[in-house]
>>> print(open('my_file_1.cif').read())   # mmCIF, C-alpha atoms
data_query
#
loop_
_atom_site.group_PDB
_atom_site.id
_atom_site.type_symbol
_atom_site.label_atom_id
_atom_site.label_comp_id
_atom_site.auth_asym_id
_atom_site.auth_seq_id
_atom_site.Cartn_x
_atom_site.Cartn_y
_atom_site.Cartn_z
ATOM 1 C CA MET A 141 17.262 -23.960 8.169
ATOM 2 C CA PHE A 142 17.365 -20.210 7.415
ATOM 3 C CA SER A 143 16.610 -19.260 3.855
ATOM 4 C CA VAL A 144 16.806 -15.777 2.411
ATOM 5 C CA TRP A 145 14.271 -16.832 -0.189
ATOM 6 C CA TYR A 146 11.676 -17.801 2.442
ATOM 7 C CA LEU A 147 12.274 -14.614 4.409
ATOM 8 C CA THR A 148 11.896 -12.304 1.412
ATOM 9 C CA ARG A 149 8.703 -14.104 0.368
ATOM 10 C CA ALA A 150 7.306 -13.850 3.891
ATOM 11 C CA ALA A 151 8.196 -10.153 4.130
ATOM 12 C CA GLY A 152 6.709 -9.420 0.706
ATOM 13 C CA LEU A 153 3.444 -11.222 1.449
ATOM 14 C CA THR A 154 3.184 -9.682 4.919
ATOM 15 C CA ALA A 155 3.772 -6.211 3.485
ATOM 16 C CA TYR A 156 1.081 -6.880 0.878
ATOM 17 C CA VAL A 157 -1.479 -7.858 3.528
ATOM 18 C CA PHE A 158 -0.635 -4.778 5.610
ATOM 19 C CA LEU A 159 -0.946 -2.542 2.532
ATOM 20 C CA PHE A 160 -4.302 -4.080 1.738
ATOM 21 C CA PHE A 161 -5.561 -3.327 5.248
ATOM 22 C CA ALA A 162 -4.153 0.213 5.092
ATOM 23 C CA THR A 163 -5.890 0.851 1.765
ATOM 24 C CA ALA A 164 -9.178 -0.790 2.759
ATOM 25 C CA THR A 165 -9.434 0.977 6.116
ATOM 26 C CA GLY A 166 -8.542 4.297 4.465
ATOM 27 C CA LEU A 167 -11.357 3.838 1.956
ATOM 28 C CA LEU A 168 -13.787 2.782 4.679
ATOM 29 C CA VAL A 169 -12.982 5.856 6.755
ATOM 30 C CA SER A 170 -13.276 8.179 3.752
ATOM 31 C CA LEU A 171 -16.605 6.647 2.764
ATOM 32 C CA ARG A 172 -17.965 6.947 6.273
ATOM 33 C CA LEU A 173 -19.430 3.440 5.947
ATOM 34 C CA ALA A 174 -18.437 2.511 9.471
ATOM 35 C CA PRO A 175 -20.424 3.765 12.446
ATOM 36 C CA GLN A 176 -19.171 7.117 13.769
ATOM 37 C CA ARG A 177 -17.774 5.553 16.949
ATOM 38 C CA LEU A 178 -15.592 3.143 14.923
ATOM 39 C CA ARG A 179 -14.131 5.701 12.532
ATOM 40 C CA PRO A 180 -11.361 6.917 14.876
ATOM 41 C CA VAL A 181 -10.352 3.290 15.504
ATOM 42 C CA LEU A 182 -10.322 2.518 11.766
ATOM 43 C CA ASP A 183 -8.285 5.654 11.107
ATOM 44 C CA ARG A 184 -5.702 4.659 13.730
ATOM 45 C CA ILE A 185 -5.534 1.155 12.248
ATOM 46 C CA HIS A 186 -5.142 2.720 8.796
ATOM 47 C CA GLN A 187 -2.233 4.868 9.948
ATOM 48 C CA ALA A 188 -0.552 2.116 11.958
ATOM 49 C CA VAL A 189 -0.659 -0.624 9.318
ATOM 50 C CA GLY A 190 0.424 1.836 6.643
ATOM 51 C CA THR A 191 3.462 2.848 8.679
ATOM 52 C CA ILE A 192 4.311 -0.726 9.667
ATOM 53 C CA SER A 193 4.102 -1.826 6.033
ATOM 54 C CA ILE A 194 6.951 0.554 5.113
ATOM 55 C CA PHE A 195 9.195 -1.185 7.625
ATOM 56 C CA ILE A 196 8.179 -4.610 6.345
ATOM 57 C CA VAL A 197 8.959 -3.541 2.768
ATOM 58 C CA GLY A 198 12.313 -2.328 4.109
ATOM 59 C CA ILE A 199 12.956 -5.827 5.485
ATOM 60 C CA HIS A 200 11.926 -7.259 2.108
ATOM 61 C CA CYS A 201 14.549 -5.035 0.403
ATOM 62 C CA VAL A 202 17.346 -5.728 2.894
ATOM 63 C CA VAL A 203 16.798 -9.467 2.589
ATOM 64 C CA LEU A 204 16.900 -9.162 -1.210
ATOM 65 C CA LEU A 205 20.291 -7.452 -0.870
ATOM 66 C CA LEU A 206 21.501 -10.470 1.139
ATOM 67 C CA ASP A 207 20.301 -12.955 -1.468
ATOM 68 C CA THR A 208 23.382 -14.422 -3.157
ATOM 69 C CA HIS A 209 21.312 -16.133 -5.844
ATOM 70 C CA VAL A 210 19.575 -13.054 -7.299
ATOM 71 C CA ARG A 211 22.317 -10.509 -6.459
ATOM 72 C CA PHE A 212 20.451 -7.202 -6.348
ATOM 73 C CA THR A 213 22.349 -3.955 -5.817
ATOM 74 C CA LEU A 214 21.113 -0.833 -4.048
ATOM 75 C CA LEU A 215 20.529 0.772 -7.438
ATOM 76 C CA ASP A 216 18.474 -2.241 -8.562
ATOM 77 C CA LEU A 217 16.220 -1.934 -5.519
ATOM 78 C CA PHE A 218 15.860 1.821 -5.248
ATOM 79 C CA VAL A 219 16.038 3.205 -8.797
ATOM 80 C CA PRO A 220 12.891 2.357 -10.758
ATOM 81 C CA PHE A 221 13.469 0.471 -14.015
ATOM 82 C CA PHE A 222 17.258 0.305 -13.465
ATOM 83 C CA VAL A 223 17.519 -3.470 -13.111
ATOM 84 C CA ALA A 224 18.179 -5.364 -16.339
ATOM 85 C CA ASP A 225 15.872 -8.331 -15.661
ATOM 86 C CA ARG A 226 12.136 -7.528 -15.535
ATOM 87 C CA PRO A 227 12.503 -3.769 -14.980
ATOM 88 C CA ARG A 228 8.765 -2.968 -15.247
ATOM 89 C CA GLU A 229 7.819 -5.509 -12.602
ATOM 90 C CA LEU A 230 10.492 -4.424 -10.125
ATOM 91 C CA GLY A 231 10.009 -0.763 -11.039
ATOM 92 C CA ALA A 232 6.320 -1.015 -10.120
ATOM 93 C CA GLY A 233 7.289 -2.218 -6.644
ATOM 94 C CA ILE A 234 9.832 0.571 -6.226
ATOM 95 C CA LEU A 235 7.327 3.227 -7.334
ATOM 96 C CA ALA A 236 4.756 1.771 -4.934
ATOM 97 C CA PHE A 237 7.317 1.965 -2.113
ATOM 98 C CA TYR A 238 8.027 5.625 -2.873
ATOM 99 C CA THR A 239 4.287 6.271 -3.034
ATOM 100 C CA MET A 240 3.944 4.774 0.454
ATOM 101 C CA ILE A 241 6.696 7.025 1.785
ATOM 102 C CA ILE A 242 5.044 10.095 0.244
ATOM 103 C CA LEU A 243 1.656 9.119 1.692
ATOM 104 C CA ILE A 244 3.005 8.566 5.198
ATOM 105 C CA GLY A 245 5.128 11.725 5.004
ATOM 106 C CA THR A 246 2.276 13.948 3.882
ATOM 107 C CA ALA A 247 -0.057 12.396 6.464
ATOM 108 C CA THR A 248 2.460 13.332 9.136
ATOM 109 C CA LEU A 249 2.670 16.866 7.734
ATOM 110 C CA ARG A 250 -1.120 17.097 7.642
ATOM 111 C CA ALA A 251 -1.304 16.228 11.306
ATOM 112 C CA ARG A 252 1.327 18.840 12.176
ATOM 113 C CA THR A 253 0.537 21.660 9.745
ATOM 114 C CA GLY A 254 -3.049 21.262 8.625
ATOM 115 C CA PHE A 255 -2.323 21.054 4.876
ATOM 116 C CA ARG A 256 -5.553 19.140 4.323
ATOM 117 C CA LYS A 257 -6.257 20.065 0.692
ATOM 118 C CA LEU A 258 -2.746 19.167 -0.451
ATOM 119 C CA TRP A 259 -2.797 16.000 1.669
ATOM 120 C CA ARG A 260 -6.111 14.912 0.154
ATOM 121 C CA LYS A 261 -4.825 15.361 -3.405
ATOM 122 C CA ILE A 262 -1.604 13.503 -2.701
ATOM 123 C CA HIS A 263 -3.430 10.764 -0.812
ATOM 124 C CA ARG A 264 -5.281 9.861 -4.007
ATOM 125 C CA LEU A 265 -2.030 8.169 -5.034
ATOM 126 C CA ALA A 266 -2.856 5.380 -2.577
ATOM 127 C CA ILE A 267 -5.083 3.560 -5.066
ATOM 128 C CA PRO A 268 -2.640 3.512 -8.003
ATOM 129 C CA GLY A 269 0.079 2.623 -5.484
ATOM 130 C CA PHE A 270 -1.920 -0.369 -4.285
ATOM 131 C CA PHE A 271 -2.433 -1.609 -7.838
ATOM 132 C CA LEU A 272 1.289 -1.156 -8.546
ATOM 133 C CA VAL A 273 1.906 -3.463 -5.587
ATOM 134 C CA ILE A 274 -0.522 -6.030 -6.994
ATOM 135 C CA PHE A 275 1.228 -5.917 -10.376
ATOM 136 C CA HIS A 276 4.644 -6.254 -8.721
ATOM 137 C CA SER A 277 3.465 -9.109 -6.496
ATOM 138 C CA VAL A 278 1.731 -11.092 -9.209
ATOM 139 C CA ALA A 279 4.509 -10.578 -11.772
ATOM 140 C CA LEU A 280 7.491 -11.277 -9.503
ATOM 141 C CA GLY A 281 6.081 -13.223 -6.578
ATOM 142 C CA THR A 282 7.221 -16.814 -6.807
ATOM 143 C CA ASP A 283 4.089 -17.860 -4.925
ATOM 144 C CA ALA A 284 1.659 -15.971 -7.165
ATOM 145 C CA THR A 285 0.601 -19.160 -8.953
ATOM 146 C CA GLU A 286 -0.191 -20.972 -5.701
ATOM 147 C CA PRO A 287 -4.000 -21.201 -5.336
ATOM 148 C CA GLY A 288 -4.075 -19.638 -1.855
ATOM 149 C CA ILE A 289 -1.853 -16.718 -2.783
ATOM 150 C CA ARG A 290 -3.624 -16.183 -6.092
ATOM 151 C CA SER A 291 -6.934 -16.145 -4.184
ATOM 152 C CA LEU A 292 -5.471 -13.601 -1.756
ATOM 153 C CA TYR A 293 -4.593 -11.275 -4.635
ATOM 154 C CA ILE A 294 -7.957 -11.738 -6.360
ATOM 155 C CA VAL A 295 -10.056 -11.242 -3.215
ATOM 156 C CA THR A 296 -8.116 -8.229 -1.947
ATOM 157 C CA ALA A 297 -8.111 -6.582 -5.386
ATOM 158 C CA ALA A 298 -11.869 -7.202 -5.653
ATOM 159 C CA ILE A 299 -12.488 -5.659 -2.221
ATOM 160 C CA ILE A 300 -10.460 -2.537 -3.043
ATOM 161 C CA THR A 301 -12.100 -2.273 -6.469
ATOM 162 C CA GLY A 302 -15.535 -2.624 -4.857
ATOM 163 C CA LEU A 303 -14.760 0.129 -2.356
ATOM 164 C CA ILE A 304 -13.536 2.362 -5.192
ATOM 165 C CA VAL A 305 -16.782 1.731 -7.117
ATOM 166 C CA VAL A 306 -18.817 2.600 -4.013
ATOM 167 C CA LYS A 307 -16.756 5.764 -3.568
ATOM 168 C CA GLY A 308 -17.416 6.676 -7.216
ATOM 169 C CA ILE A 309 -21.162 6.120 -6.806
ATOM 170 C CA VAL A 310 -21.239 8.208 -3.640
ATOM 171 C CA TYR A 311 -19.257 10.958 -5.392
ATOM 172 C CA CYS A 312 -21.549 10.916 -8.461
ATOM 173 C CA ARG A 313 -24.581 11.270 -6.220
ATOM 174 C CA GLY A 314 -23.054 14.406 -4.790
ATOM 175 C CA GLU A 315 -22.683 12.972 -1.308
ATOM 176 C CA LYS A 316 -19.648 14.050 0.640
ATOM 177 C CA THR A 317 -16.917 11.637 1.586
ATOM 178 C CA ASP A 318 -14.057 12.491 3.883
ATOM 179 C CA THR A 319 -14.853 16.145 4.441
ATOM 180 C CA PRO A 320 -12.308 18.182 6.405
ATOM 181 C CA SER A 321 -14.684 18.277 9.382
ATOM 182 C CA THR A 322 -14.920 14.497 9.314
ATOM 183 C CA ARG A 323 -11.133 14.142 9.413
ATOM 184 C CA GLU A 324 -10.824 16.727 12.183
ATOM 185 C CA GLU A 325 -13.198 14.623 14.281
ATOM 186 C CA LEU A 326 -10.737 11.753 13.958
#
>>> encode(input="my_file_1.cif", output="structure tokens")
Amino acid sequence: MFSVWYLTRAAGLTAYVFLFFATATGLLVSLRLAPQRLRPVLDRIHQAVGTISIFIVGIHCVVLLLDTHVRFTLLDLFVPFFVADRPRELGAGILAFYTMIILIGTATLRARTGFRKLWRKIHRLAIPGFFLVIFHSVALGTDATEPGIRSLYIVTAAIITGLIVVKGIVYCRGEKTDTPSTREEL
């Protein structure tokens, strides 16, 4: 039996996993932790899963519009903090979605125009965007209390946090991460 509730949960969780992989592979490429020969592959994976995740979030939103139990409007789903019930939690998801669109859009511009410095500054929004998604998922996800899903959130957040700490250590040591020449090689 088809259930809008199951479909929106599946789309939300799938989008979360794709966003995790996009964020993790982006950090791995920028840290140059992977062998040189794997970096172009990781970068392509990073770009692909990031782009695919936008479409999955789109499915998540469309299915929410079809849900007759919750009854979201377009304004509820696309204007941050507009919804009356739990505006911070839903607003975090909306802001994360807009962050994803900005990241993908500027990455496309970078590839076409070479605006690397601007792209790099804007791309730093990926980390806060990922944590907005975690907040949204944990606060609104009906499965967030399930042990497997809770473990998914904890493990993925720990991995991203660990990669951020490594990036901070590398930066404090004065080592370069993600130099323009490195990105041009990709």
>>> residues_around(input="my_file_1.cif", residues="A:Asp283", least_positions_apart="3", cutoff="12 Å", atoms="only C-alpha atoms", output="count of residues only")
19
>>> closest_residue(input="my_file_1.cif", among="A:Val210, A:Val203, A:Val169, A:Ala266", to="A:Ala151", atoms="all atoms listed in the file")
A:Val203
>>> resolve_selection(input="my_file_1.cif", expression="the PyMOL selection byres ((chain A and resi 265) around 10)", output="list in words")
Ala236, Thr239, Met240, Ile242, Leu243, Arg260, Lys261, Ile262, His263, Arg264, Ala266, Ile267, Pro268, Gly269 and Phe270 of chain A
>>> write_last_selection(input="my_file_1.cif", atoms="C-alpha atoms", output="short mmCIF file (atom, residue, chain, number, x, y, z; two decimals), in the coordinates of the input")
data_model
loop_
_atom_site.label_atom_id
_atom_site.label_comp_id
_atom_site.auth_asym_id
_atom_site.auth_seq_id
_atom_site.Cartn_x
_atom_site.Cartn_y
_atom_site.Cartn_z
CA ALA A 236 4.76 1.77 -4.93
CA THR A 239 4.29 6.27 -3.03
CA MET A 240 3.94 4.77 0.45
CA ILE A 242 5.04 10.10 0.24
CA LEU A 243 1.66 9.12 1.69
CA ARG A 260 -6.11 14.91 0.15
CA LYS A 261 -4.82 15.36 -3.40
CA ILE A 262 -1.60 13.50 -2.70
CA HIS A 263 -3.43 10.76 -0.81
CA ARG A 264 -5.28 9.86 -4.01
CA ALA A 266 -2.86 5.38 -2.58
CA ILE A 267 -5.08 3.56 -5.07
CA PRO A 268 -2.64 3.51 -8.00
CA GLY A 269 0.08 2.62 -5.48
CA PHE A 270 -1.92 -0.37 -4.28
#
>>> atom_distance(input="my_file_1.cif", atom1="atom CA of A:Ala224", atom2="atom CA of A:Leu147")
23.5 Å
>>> closest_residue(input="my_file_1.cif", among="A:Ile309, A:Thr191, A:Gly198, A:Leu204", to="A:Leu171", atoms="all atoms listed in the file")
A:Ile309
>>> residues_around(input="my_file_1.cif", residues="A:Phe218", least_positions_apart="3", cutoff="8 Å", atoms="only C-alpha atoms", output="JSON, numbers by chain")
{"A": [214, 215, 234]}
>>> closest_residue(input="my_file_1.cif", among="A:Phe237, A:Arg211, A:Ala188, A:Cys312", to="A:Val223", atoms="only C-alpha atoms")
A:Arg211
>>> atom_distance(input="my_file_1.cif", atom1="atom CA of A:Arg256", atom2="atom CA of A:Arg184")
17.3 Å
>>> resolve_selection(input="my_file_1.cif", expression="the PyMOL selection byres ((chain A and resi 301) around 12)", output="ChimeraX atom specification")
/A:160,163-164,167,267-268,270-271,293-300,302-308
>>> write_last_selection(input="my_file_1.cif", atoms="C-alpha atoms", output="mmCIF file, in the frame of the given file")
data_model
loop_
_atom_site.group_PDB
_atom_site.id
_atom_site.type_symbol
_atom_site.label_atom_id
_atom_site.label_comp_id
_atom_site.auth_asym_id
_atom_site.auth_seq_id
_atom_site.Cartn_x
_atom_site.Cartn_y
_atom_site.Cartn_z
ATOM 1 C CA PHE A 160 -4.302 -4.080 1.738
ATOM 2 C CA THR A 163 -5.890 0.851 1.765
ATOM 3 C CA ALA A 164 -9.178 -0.790 2.759
ATOM 4 C CA LEU A 167 -11.357 3.838 1.956
ATOM 5 C CA ILE A 267 -5.083 3.560 -5.066
ATOM 6 C CA PRO A 268 -2.640 3.512 -8.003
ATOM 7 C CA PHE A 270 -1.920 -0.369 -4.285
ATOM 8 C CA PHE A 271 -2.433 -1.609 -7.838
ATOM 9 C CA TYR A 293 -4.593 -11.275 -4.635
ATOM 10 C CA ILE A 294 -7.957 -11.738 -6.360
ATOM 11 C CA VAL A 295 -10.056 -11.242 -3.215
ATOM 12 C CA THR A 296 -8.116 -8.229 -1.947
ATOM 13 C CA ALA A 297 -8.111 -6.582 -5.386
ATOM 14 C CA ALA A 298 -11.869 -7.202 -5.653
ATOM 15 C CA ILE A 299 -12.488 -5.659 -2.221
ATOM 16 C CA ILE A 300 -10.460 -2.537 -3.043
ATOM 17 C CA GLY A 302 -15.535 -2.624 -4.857
ATOM 18 C CA LEU A 303 -14.760 0.129 -2.356
ATOM 19 C CA ILE A 304 -13.536 2.362 -5.192
ATOM 20 C CA VAL A 305 -16.782 1.731 -7.117
ATOM 21 C CA VAL A 306 -18.817 2.600 -4.013
ATOM 22 C CA LYS A 307 -16.756 5.764 -3.568
ATOM 23 C CA GLY A 308 -17.416 6.676 -7.216
#
>>> residues_around(input="my_file_1.cif", residues="A:Ile194", least_positions_apart="5", cutoff="10 Å", atoms="all atoms listed in the file", output="list in words")
Ala155, Phe158, Leu159, Val189, Ile199, His200, Phe237, Tyr238, Met240, Ile241 and Ile244 of chain A
>>> atom_distance(input="my_file_1.cif", atom1="atom CA of A:Arg250", atom2="atom CA of A:Gln187")
12.5 Å
>>> closest_residue(input="my_file_1.cif", among="A:Leu206, A:Ala162, A:Val144, A:Leu168", to="A:Ile192", atoms="all atoms listed in the file")
A:Ala162
>>> residues_near_point(input="my_file_1.cif", point="(4.3, -4.6, -15.7)", cutoff="8 Å", atoms="only C-alpha atoms", output="PyMOL selection string")
chain A and resi 228-229+232+275-276+279
>>> write_last_selection(input="my_file_1.cif", atoms="C-alpha atoms", output="tab-separated table (two decimals), keeping the file's coordinate frame")
chain	number	residue	atom	x	y	z
A	228	ARG	CA	8.76	-2.97	-15.25
A	229	GLU	CA	7.82	-5.51	-12.60
A	232	ALA	CA	6.32	-1.01	-10.12
A	275	PHE	CA	1.23	-5.92	-10.38
A	276	HIS	CA	4.64	-6.25	-8.72
A	279	ALA	CA	4.51	-10.58	-11.77
>>> axis_aligned_box(input="my_file_1.cif", around="stretch 265-278 of chain A", padding_each_side="4 Å", output="AutoDock Vina command-line options")
--center_x -0.2 --center_y -1.5 --center_z -6.5 --size_x 17.7 --size_y 27.3 --size_z 15.8
>>> closest_residue(input="my_file_1.cif", among="A:Val197, A:Ala247, A:Leu217, A:Val157", to="A:Asp183", atoms="all atoms listed in the file")
A:Ala247
>>> residues_around(input="my_file_1.cif", residues="A:Asp216", least_positions_apart="5", cutoff="9 Å", atoms="all atoms listed in the file", output="list of chain:residue names")
A:Phe221, A:Phe222, A:Val223, A:Ala224, A:Pro227, A:Leu230, A:Gly231
>>> closest_residue(input="my_file_1.cif", among="A:Val202, A:Leu235, A:Ile185, A:Leu272", to="A:Val219", atoms="all atoms listed in the file")
A:Leu235
>>> decode(input="my_file_1.cif", residues="stretch 244-307 of chain A", atoms="C-alpha atoms", output="compact mmCIF listing (two decimals), in the first residue's frame")
# COMPACT_ATOMS: atom_id res chain seq x y z
CA ILE A 244 25.78 23.67 -6.73
CA GLY A 245 25.14 26.91 -8.62
CA THR A 246 28.46 28.48 -7.69
CA ALA A 247 30.29 25.22 -8.42
CA THR A 248 28.80 25.29 -11.90
CA LEU A 249 29.86 28.93 -12.31
CA ARG A 250 33.35 28.08 -11.08
CA ALA A 251 33.69 25.42 -13.73
CA ARG A 252 32.52 27.82 -16.45
CA THR A 253 34.04 31.13 -15.35
CA GLY A 254 36.94 30.37 -13.05
CA PHE A 255 35.66 32.37 -10.05
CA ARG A 256 37.70 30.20 -7.70
CA LYS A 257 38.20 32.64 -4.81
CA LEU A 258 34.50 33.51 -4.62
CA TRP A 259 33.55 29.84 -5.03
CA ARG A 260 35.87 28.81 -2.20
CA LYS A 261 34.38 31.40 0.18
CA ILE A 262 30.82 30.45 -0.68
CA HIS A 263 31.61 26.74 -0.49
CA ARG A 264 32.45 27.16 3.19
CA LEU A 265 28.68 27.25 3.71
CA ALA A 266 28.63 23.49 3.11
CA ILE A 267 29.52 22.69 6.72
CA PRO A 268 26.88 24.88 8.40
CA GLY A 269 24.43 23.62 5.77
CA PHE A 270 25.17 20.02 6.70
CA PHE A 271 24.61 20.73 10.39
CA LEU A 272 21.35 22.53 9.56
CA VAL A 273 20.27 19.30 7.86
CA ILE A 274 21.20 17.28 10.94
CA PHE A 275 19.18 19.63 13.16
CA HIS A 276 16.21 19.47 10.79
CA SER A 277 16.41 15.68 10.53
CA VAL A 278 16.77 15.00 14.23
CA ALA A 279 14.11 17.54 15.25
CA LEU A 280 11.47 16.64 12.65
CA GLY A 281 12.36 13.15 11.49
CA THR A 282 9.82 10.71 12.85
CA ASP A 283 12.48 7.99 12.75
CA ALA A 284 15.12 9.99 14.63
CA THR A 285 14.51 8.06 17.85
CA GLU A 286 14.94 4.68 16.15
CA PRO A 287 18.33 3.22 17.20
CA GLY A 288 19.54 2.64 13.63
CA ILE A 289 18.61 6.11 12.42
CA ARG A 290 19.94 7.76 15.56
CA SER A 291 23.21 5.86 15.03
CA LEU A 292 23.29 7.05 11.42
CA TYR A 293 23.04 10.67 12.55
CA ILE A 294 25.63 10.25 15.31
CA VAL A 295 28.18 8.41 13.15
CA THR A 296 27.86 10.72 10.15
CA ALA A 297 28.03 13.84 12.33
CA ALA A 298 31.12 12.41 14.07
CA ILE A 299 32.81 11.69 10.72
CA ILE A 300 32.15 15.21 9.41
CA THR A 301 33.24 16.74 12.72
CA GLY A 302 36.42 14.64 12.64
CA LEU A 303 37.21 15.77 9.11
CA ILE A 304 36.62 19.39 10.13
CA VAL A 305 39.01 18.97 13.09
CA VAL A 306 41.64 17.47 10.78
CA LYS A 307 41.15 20.37 8.37
